[in-house]
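K.L.:
Starting off with a structure, shown below.
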Amino acid sequence: MEIDPQDPQTVYGLAFAYMELGDIEPAQKHFQKVLEMEAPEELRVLARDGLRRIAAREFKARGPRMDAVFYLLDAIRLFRGKSLQEIQEITFEIGMRGKYGLDINDPQESHVLRALPGKVFSALQLICTMYAGFKRIEPGMDIGVDLGEEWGMAERLLPK
């Protein structure tokens, strides 16, 4: 049987198989290839989700992320004095942007938010801001990236 490297379903299947085997580099390469192909939107969503899962798994492979701790501190300060509605607006905008993929391991990727004009954020800053927002909106919600350890560190660093 011959495999068609131009078939998006085949490329996605290969990416998924590599991910299940723990072979991350080729999994990422093939998920990315699906996104570059003319693929059905459902398959593109699955490929983005695969990349997100890999990023989340690799995110803390070497322990807590101190950059995330400080981004969480910034987010806590940002939300002080804001109404629940303002926090929801910011957090939900980030959530919608995240549906299309945020590369938390690429500090060069930059984003702007309609809800916070004039500010530029990295993908990791957005995720940390969303995490802090959901801690105020729905504390037990799982946003897909575990920042619990970093959150605890940020809380301990806050002035009493």
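Starting from 1 in every chain, residues are counted up; chains themselves are A, B, ... following the order of the structure tokens, and ligands are numbered from 1 as listed.
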List as a list in words the protein and nucleic acid residues near Leu72 in chain A, meaning an atom at most 7 Å away when only C-alpha atoms are counted, but skip any in the same chain fewer than 6 places from it.
P.N.:
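Near Leu72 in chain A, the qualifying residues are Cys128, Thr129, Ala132, Trp151 and Ala154 of chain A.
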K.L.:
Please list as a list of chain:residue names every residue within 9 Å of Ile24 in chain A, counting only C-alpha atoms and excluding residues in the same chain fewer than 5 positions away.
P.N.:
A:Ala15, A:Tyr18, A:Met19, A:Lys29, A:Ile54
K.L.:
Could you write those residues out with N, CA and C atoms, as a short mmCIF file (atom, residue, chain, number, x, y, z; two decimals), in the first residue's frame?
P.N.:
```cif
data_model
loop_
_atom_site.label_atom_id
_atom_site.label_comp_id
_atom_site.auth_asym_id
_atom_site.auth_seq_id
_atom_site.Cartn_x
_atom_site.Cartn_y
_atom_site.Cartn_z
N ALA A 15 0.72 12.32 11.67
CA ALA A 15 1.03 13.20 12.79
C ALA A 15 0.48 12.63 14.09
N TYR A 18 2.56 9.62 15.21
CA TYR A 18 3.82 10.06 15.81
C TYR A 18 3.59 10.59 17.22
N MET A 19 2.53 11.37 17.40
CA MET A 19 2.26 11.93 18.72
C MET A 19 1.97 10.82 19.73
N LYS A 29 5.74 18.51 12.87
CA LYS A 29 5.97 18.79 11.45
C LYS A 29 4.76 18.42 10.60
N ILE A 54 0.63 19.24 22.13
CA ILE A 54 2.09 19.07 22.19
C ILE A 54 2.72 20.25 22.94
#
```
K.L.:
For Met96 in chain A, please output as a list in words all residues within 12 Å (counting only C-alpha atoms; exclusion window: fewer than 6 positions along the same chain).
P.N.:
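Non-adjacent residues within range: Gln88, Glu89, Ile90, Leu102, Leu113, Arg114, Leu126, Ile127, Met130 and Ile143 of chain A.
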K.L.:
For a quick check of understanding, using only C-alpha atoms, which of A:Glu41, A:Glu25, A:Glu58, A:Asp67 has the smallest distance to Met153 in chain A?
P.N.:
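Among the listed residues, A:Asp67 lies closest to Met153 in chain A.
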K.L.:
Extract the full set of alpha helix (DSSP H) residues from range 3-158 of chain A according to DSSP on the backbone, and format it as a ChimeraX atom specification.
P.N.:
/A:8-21,24-36,41-59,66-79,84-98,123-137,148-157
K.L.:
Calculated over only C-alpha atoms, which of the candidates A:Val11, A:Leu21, A:Leu124, A:Met66 has the smallest distance to Leu43 in chain A?
P.N.:
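The answer is A:Val11, which sits nearest to Leu43 in chain A.
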K.L.:
Select, from A:Ala75, A:Gln9, A:Glu138, A:Gly50, the residue with the minimum atom-to-atom distance to Glu38 in chain A, counting only C-alpha atoms.
P.N.:
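So, comparing all the options, the nearest one is A:Gln9.
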K.L.:
Between A:Phe70, A:Arg52, A:Lys82, A:Val112, which one has atoms that come closest to Arg156 in chain A, using only C-alpha atoms?
P.N.:
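Smallest distance to Arg156 in chain A is found for A:Phe70.
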K.L.:
May I ask for the distance between CA of Val120 in chain A and CA of Pro107 in chain A, given in Å to one decimal place?
P.N.:
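These atoms are spaced 11.7 Å apart.
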K.L.:
Restricting the calculation to only C-alpha atoms: of A:Arg57, A:His30, A:Arg65, A:Arg97, which residue gets closest to Leu147 in chain A?
P.N.:
A:Arg65
K.L.:
CA of Asp142 in chain A and CA of Arg53 in chain A, how far apart in Å?
P.N.:
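These atoms are spaced 13.3 Å apart.
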K.L.:
Running DSSP on the backbone, which parts of range 4-148 of chain A land in strand (DSSP E), as a PyMOL selection string?
P.N.:
chain A and resi 110-113+116-122
K.L.:
In Å, with one decimal, what is the gap from CA of Ile137 in chain A to CA of Leu84 in chain A?
P.N.:
7.2 Å
K.L.:
Taking only C-alpha atoms into account, which of A:Gly133, A:Ala68, A:Gly118, A:Glu109 comes nearest Ile94 in chain A?
P.N.:
A:Gly133
